[in-house]
Each structure stands twice: as C-alpha cells, then as structure tokens.
Amino acid sequence: MGFLIDFFSQPAIIAALVVLVGLIALKKSFTEIISGTINAFLGFIILLVGATTISGALSNFGKLFQKAFNMHGLIPSNEASIAVTIAKFGSQATFIFVIALILNIVIARFTKYKYIFLSSDHAFYMACCVTPAMILSGMNFWETILFGSIALGSILCIFPAIAHPAMKKITGRDDMSFAHFGTIGYWLSSKVGGLFKKNAKSIDEIKFPKGLAFLQDSNVSVMIVMAILFYLVTIVTGPQYIRTITSTNPYVWALLQSADFSAGIMILVMGVNILLKELSPAFKGFSDKIVPSAVPGYPFAVLFKGTSNAIIAGFLASLAGGILSMLLQIAFHMNVVIPGLVTHFFCGGIAAIFGNATGGKKGALIGPFINGIITSFLPLIALSLFGTLGFSSTYFSDSDFLVIGIILGLCAKIGKYPLMIATTAIFVFPFIATVFSKQKAPVVDPNRNAKTAKKEFKNI
C-alpha cells in the first residue's frame with residue numbers, strides 16, 4: 001500500500017510511464033525509449049523544483065504578510081487538508097485514487113470525454129477531498145472506496161473537457177487540455193473575459209516606453225515586481241521579526257527571496273520545455289493503442305511560458321480579491337479567511353491567462369479578481385460541513401476542490417443514499433452524454449505524427 005501511494009501519486013512517474021508506453025507503441029529503438037522516458041521524468045522533476053522554489057518564496061512572503069498586518073483566521077491549504085485526510089482516512093483515499101486513474105482510462109475509451117488527466121498529484125488531492133464527504137455520509141470502508149472512485153474517475157475526465165475550449169484559444173491547438181483543479185475558476189475567468197472580447201488586446205502585448213524596454217524581458221519584470229512586494233512587507237514587518245526566520249540581513253534576504261521566486265519561474269519553464277518535447281509525440285503512441293484520439297490534460301505549468309504579464313497581473317488581482325473578502329468578513333463579524341499567497345499566485349495567474357485569452361487585459365484582471373473573492377468565501381461553507389472531521393482551521397484552497405467538496409458534503413448531510421445516487425449520476429453522465437449528445441468527441445488529426453508533434457509543442 002505504501003509503495004502504491006508513493007509510486008502513483010508522483011506526477012513525474014506517471015508522465016514517464018506515458019512516454020514509455022507511447023514510445024513502445026511507436027516502435028522506437030531501445031535507445032530512444034530509454035532516453036525519452038528518462039528525459040520526461042527529469043523534465044517533470046525540474047518543473048517541480050521550480051514550483052517548489054516559487055512556493056517556498058511565497059510561503060515566506062505569506063509569513064511576513066500575516067505578521068505585517070496582524071492577521072489571524074482560517075488558512076485554506078491543499079497540503080494541510082491532505083494531511084488531515086491521510087491521517088484519518090488514508091487507506092480509503094489511496095484506493096480511491098488508484099482505482100480512479102483506471103476508471104479515467106475506461107471512461108475516456110468508451111465515451112466522448114477522451115481526456116487523460118496527467119496531473120496525478122492533483123488527482124490524489126481530489127481523492128483526499130472526495131473521501132471525507134463519503135465518510136461524512138456514514139458510508140462504510142468499501143462503500144467509501146466504491147462511490148469515491150466512480151466520482152473521482154468521472155471528475156478526471158469531465159474537468160479537462162470543461163477547460164478544453166478555452167485551451168484551444170490559448171494554445172491554438174485542439175489536441176491538449178488542462179489538468180488542474182482550479183478549472184471552475186479558470187472557466188469562469190474565460191467567460192468573464194468574453195464580455196470584453198471587442199477590441200481586446202492581450203496583456204502580454206503591452207509595449208513599454210523605450211526607457212522601460214527592459215521590462216519586456218519577463219524574467220526582469222517578474223523580479224522587479226516581486227522585489228517591490230518583498231521590500232514592502234519587509235519594511236512594514238520590521239527587521240526584528242525577519243531575524244527569527246533568517247540570519248541574513250533582512251533587506252539582503254528580501255532581495256534574495258525575490259530572486260528565488262524569479263529563478264523558480266525560469267526553472268519551471270525549462271522543465272516544461274523538456275517535458276513537452278518528450279511527452280507530446282509519445283502521447284500519440286499511447287492514445288493510438290489504448291484510447292484512440294485521446295486528449296492529454298497537462299499540468300498547470302504548461303501555460304507559464306511567455307505569459308509573465310498575465311501571471312503577475314492575475315496574482316495581484318486575485319490577491320486584491322482575497323484582501324477585499326477578508327475586510328468584508330471582518331466588517332460583518334464572520335470567520336476570517338486569510339489570503340493564501342501560493343493559491344492566489346498559481347490560481348490567480350492561471351485565471352488571468354484564461355481571461356486574457358478571451359478578453360485581453362480586462363479579462364486578465366477582472367476574472368482573477370472574481371476568482372479571488374469566490375475562493376475566499378467558499379471555505380467558510382466547506383468548514384461548516386467538514387469541521388467535525390478535523391477541518392476546523394483549514395480546507396482545500398482551489399475552486400474545484402471547494403465546489404466538489406461542498407456539493408458532495410451537502411448530499412452527505414442528507415444521508416449516504418442521496419450521496420450514492422449523486423456519485424452514480426456523476427459516473428453515468430459521460431456515458432449518457434455520449435449516447436444523446438450531437439457533439440462529437442474531440443478528434444486529433446490522424447496525420448499528426450511524432451515529428452509534427454515535436455514541432456507543434458513550440459507553439460504552446
């Protein structure tokens with residue numbers, strides 16, 4: 001059991017396995033198979049190193065932010081919520097996760113929802129989100145696993161389908177979708193952006209004056225913005241508190257933290273380039289043999305290339321929405337949800353990319369702002385449902401976890417049979433939709449070969 005948890009919850013391993021199967025299906029040489037598989041594995045590891053570096057810098061920024069403004073309250077966190085689930089219901093969550101990965105392939109094979117969810121870490125997160133709802137309803141061990149698995153297996157196919165239309169606009173391709181459980185927020189951001197599509201100009205096409213031309217370099221602009229933010233909270237917090245975190249001079253430390261953040265972005269993009277170079281052509285071999293015309297749902301970082309303006313704008317807009325929500329909660333004497341910097345950066349930045357694709361600059365700002373407000377109030381509902389299961393001071397932070405958790409939690413409050421009916425309905429939906437829908441499954445160009453795929457990935 002421990003081996004299965006560690007093995008299948010590693011997205012780098014899943015990506016490597018997909019490349020391995022794909023290259024074997026394409027009848028590549030032994031050398032090409034080994035080289036491609038290891039490069040895909042290393043590419044994902046590099047990507048994760050970048051994400052970890054970014055998260056570390058944001059975590060330190062969050063500590064200063066809370067200290068500077070003397071904030072105390074609920075802190076939404078995917079990682080903290082997973083720890084609560086694993087500590088109490090780890091076996092059920094693991095079974096749900098593994099079985100759901102298999103059901104994802106089955107549903108993709110026999111329905112029009114031909115999406116393979118490649119972000120296995122987020123799939124595991126969702127397993128940990130679904131499990132408490134099953135427990136809350138009064139289901140026993142095996143009932144929890146059965147109905148949790150069919151719910152998650154369906155979710156892994158349905159949510160990339162929701163993201164797919166917007167992904168076409170962002171990438172210009174129909175053979176890739178998105179696998180990150182902030183999809184509802186990203187979809188909403190794209191719809192909000194669509195309200196401003198007339199004469200919309202991309203936020204990443206902003207032309208700076210000649211004297212500020214250096215800001216066109218995304219690495220430079222990210223570094224400058226983060227340095228300003230770090231110095232702001234450092235000055236407000238004061239050097240005394242910062243010395244409890246580091247022995248380095250506070251103002252030197254602030255500069256290095258902003259540099260760490262910027263370097264994390266560079267590393268992350270490097271990992272994406274390596275990963276997609278191997279994964280894009282190999283996935284065709286995988287899909288041809290197992291799920292014809294399958295569409296891969298890629299991890300979040302696939303969109304971070306060449307979108308630095310949108311990412312920073314989305315982060316700041318989402319954070320503004322979180323701060324406004326916190327002030328409203330204080331004013332109305334509600335429980336306070338403290339803005340999570342990691343969530344507002346990743347989910348806000350991605351929401352901006354989706355909003356920018358449909359509504360340009362306005363979509364890139366308004367969409368993340370609304371998403372920041374939504375993800376600041378939904379945790380209060382979730383905590384009212386799952387507080388008795390250990391979620392007293394935290395819950396999941398991204399929109400899909402919040403929405404799915406609340407819907408399943410409300411069904412669970414009624415009883416286990418309504419929840420069984422709801423999860424069964426989620427499972428049969430793709431099959432029924434396939435039978436009655438006039439819309440066809442996504443079709444990948446049959447003439448698109450491995451060589452073509454390698455060229456196309458550069459357009460992402």
# chains A, B, ... in the order shown; residues from 1 in each chain; ligands from 1
call {"tool": "select_by_dssp", "arguments": {"residues": "region 130-337 of chain A", "states": "strand (DSSP E)", "output": "list in words"}}
result
Ser177, Phe178, Val295, Pro296, Gly297 and Tyr298 of chain A
call {"tool": "write_last_selection", "arguments": {"atoms": "N, CA and C atoms", "output": "PDB file, in the first residue's frame"}}
result
ATOM      1  N   SER A 177      -5.430  19.597 -23.379  1.00  0.00           N
ATOM      2  CA  SER A 177      -6.313  20.276 -22.444  1.00  0.00           C
ATOM      3  C   SER A 177      -5.550  20.524 -21.156  1.00  0.00           C
ATOM      4  N   PHE A 178      -6.288  20.793 -20.095  1.00  0.00           N
ATOM      5  CA  PHE A 178      -5.679  21.273 -18.857  1.00  0.00           C
ATOM      6  C   PHE A 178      -6.112  20.395 -17.698  1.00  0.00           C
ATOM      7  N   VAL A 295      -7.036  13.018 -25.589  1.00  0.00           N
ATOM      8  CA  VAL A 295      -6.511  14.367 -25.411  1.00  0.00           C
ATOM      9  C   VAL A 295      -5.878  14.452 -24.031  1.00  0.00           C
ATOM     10  N   PRO A 296      -4.579  14.716 -23.948  1.00  0.00           N
ATOM     11  CA  PRO A 296      -3.939  14.794 -22.630  1.00  0.00           C
ATOM     12  C   PRO A 296      -4.315  16.066 -21.883  1.00  0.00           C
ATOM     13  N   GLY A 297      -4.578  15.930 -20.593  1.00  0.00           N
ATOM     14  CA  GLY A 297      -4.766  17.088 -19.730  1.00  0.00           C
ATOM     15  C   GLY A 297      -3.431  17.370 -19.064  1.00  0.00           C
ATOM     16  N   TYR A 298      -2.776  18.454 -19.467  1.00  0.00           N
ATOM     17  CA  TYR A 298      -1.429  18.753 -18.990  1.00  0.00           C
ATOM     18  C   TYR A 298      -1.446  19.486 -17.651  1.00  0.00           C
TER      19      TYR A 298
END
call {"tool": "residues_around", "arguments": {"residues": "region 351-356 of chain A", "least_positions_apart": "6", "cutoff": "8 Å", "atoms": "only C-alpha atoms", "output": "list of chain:residue names"}}
result
A:Ala166, A:Met167, A:Ile170, A:Gly185, A:Tyr186, A:Trp187, A:Ser189, A:Ser190, A:Lys191, A:Val192, A:Gly193, A:Gly194, A:Ser202, A:Ile203, A:Leu303, A:Thr307, A:Ala310, A:Ile311, A:Ala313, A:Gly314, A:Lys362, A:Gly363, A:Ala364, A:Leu365, A:Ile366, A:Gly367, A:Pro368, A:Asn371
call {"tool": "closest_atom_pairs", "arguments": {"of": "region 46-98 of chain A", "to": "region 230-244 of chain A", "cutoff": "7 Å", "atoms": "only C-alpha atoms", "output": "tab-separated table"}}
result
residue	atom	partner	partner_atom	distance
A:Phe61	CA	A:Phe230	CA	6.7
A:Leu64	CA	A:Val233	CA	6.1
A:Phe65	CA	A:Val233	CA	6.1
A:Lys67	CA	A:Thr237	CA	6.4
A:Ala68	CA	A:Thr237	CA	4.5
call {"tool": "write_last_selection", "arguments": {"atoms": "C-alpha atoms", "output": "PDB file, in the first residue's frame"}}
result
ATOM      1  CA  PHE A  61       6.139  36.260   1.861  1.00  0.00           C
ATOM      2  CA  LEU A  64       5.634  38.438   6.598  1.00  0.00           C
ATOM      3  CA  PHE A  65       2.247  39.444   5.186  1.00  0.00           C
ATOM      4  CA  LYS A  67       2.819  39.480  10.663  1.00  0.00           C
ATOM      5  CA  ALA A  68       2.834  42.904   8.988  1.00  0.00           C
TER       6      ALA A  68
END
call {"tool": "residues_around", "arguments": {"residues": "Ala151 (chain A)", "least_positions_apart": "6", "cutoff": "10 Å", "atoms": "only C-alpha atoms", "output": "count of residues only"}}
result
16
call {"tool": "closest_residue", "arguments": {"among": "A:Ile82, A:Ile38, A:Leu74, A:Leu389", "to": "Ile135 (chain A)", "atoms": "only C-alpha atoms"}}
result
A:Leu389
call {"tool": "select_by_dssp", "arguments": {"residues": "region 230-428 of chain A", "states": "helix (DSSP H, G or I)", "output": "PyMOL selection string"}}
result
chain A and resi 230-237+239-242+250-289+300-303+308-331+341-389+399-414+416-428
call {"tool": "atom_distance", "arguments": {"atom1": "CA of Leu20 (chain A)", "atom2": "CA of His122 (chain A)"}}
result
21.6 Å
call {"tool": "residues_around", "arguments": {"residues": "region 263-274 of chain A", "least_positions_apart": "4", "cutoff": "8 Å", "atoms": "only C-alpha atoms", "output": "short mmCIF file (atom, residue, chain, number, x, y, z; two decimals) with C-alpha atoms, in the first residue's frame"}}
result
data_model
loop_
_atom_site.label_atom_id
_atom_site.label_comp_id
_atom_site.auth_asym_id
_atom_site.auth_seq_id
_atom_site.Cartn_x
_atom_site.Cartn_y
_atom_site.Cartn_z
CA ASN A 39 14.16 12.90 -20.11
CA ALA A 40 10.41 13.13 -19.47
CA LEU A 42 13.77 14.59 -15.38
CA GLY A 43 11.74 17.31 -17.12
CA PHE A 44 8.92 16.87 -14.63
CA ILE A 45 11.36 16.83 -11.72
CA ILE A 46 12.87 20.11 -12.96
CA LEU A 47 9.35 21.53 -13.27
CA LEU A 48 8.60 20.51 -9.67
CA VAL A 49 11.87 22.04 -8.44
CA GLY A 50 10.78 25.32 -9.99
CA ALA A 51 7.30 25.08 -8.44
CA THR A 52 8.80 24.25 -5.04
CA THR A 53 11.17 27.22 -5.24
CA ILE A 54 8.26 29.53 -6.09
CA ASN A 219 12.41 37.43 -16.02
CA ALA A 259 15.40 36.37 -6.92
CA GLU A 278 9.13 14.08 -24.98
CA ALA A 301 2.96 24.81 -15.80
CA VAL A 302 2.30 24.18 -19.49
CA PHE A 304 3.57 29.55 -17.88
CA LYS A 305 5.68 30.01 -20.99
#
call {"tool": "atom_distance", "arguments": {"atom1": "CA of Ala12 (chain A)", "atom2": "CA of Thr37 (chain A)"}}
result
10.2 Å
call {"tool": "residues_around", "arguments": {"residues": "Gln92 (chain A)", "least_positions_apart": "5", "cutoff": "10 Å", "atoms": "only C-alpha atoms", "output": "ChimeraX atom specification"}}
result
/A:85-86,97,127-128,131-132,134-135,141-146,148-149
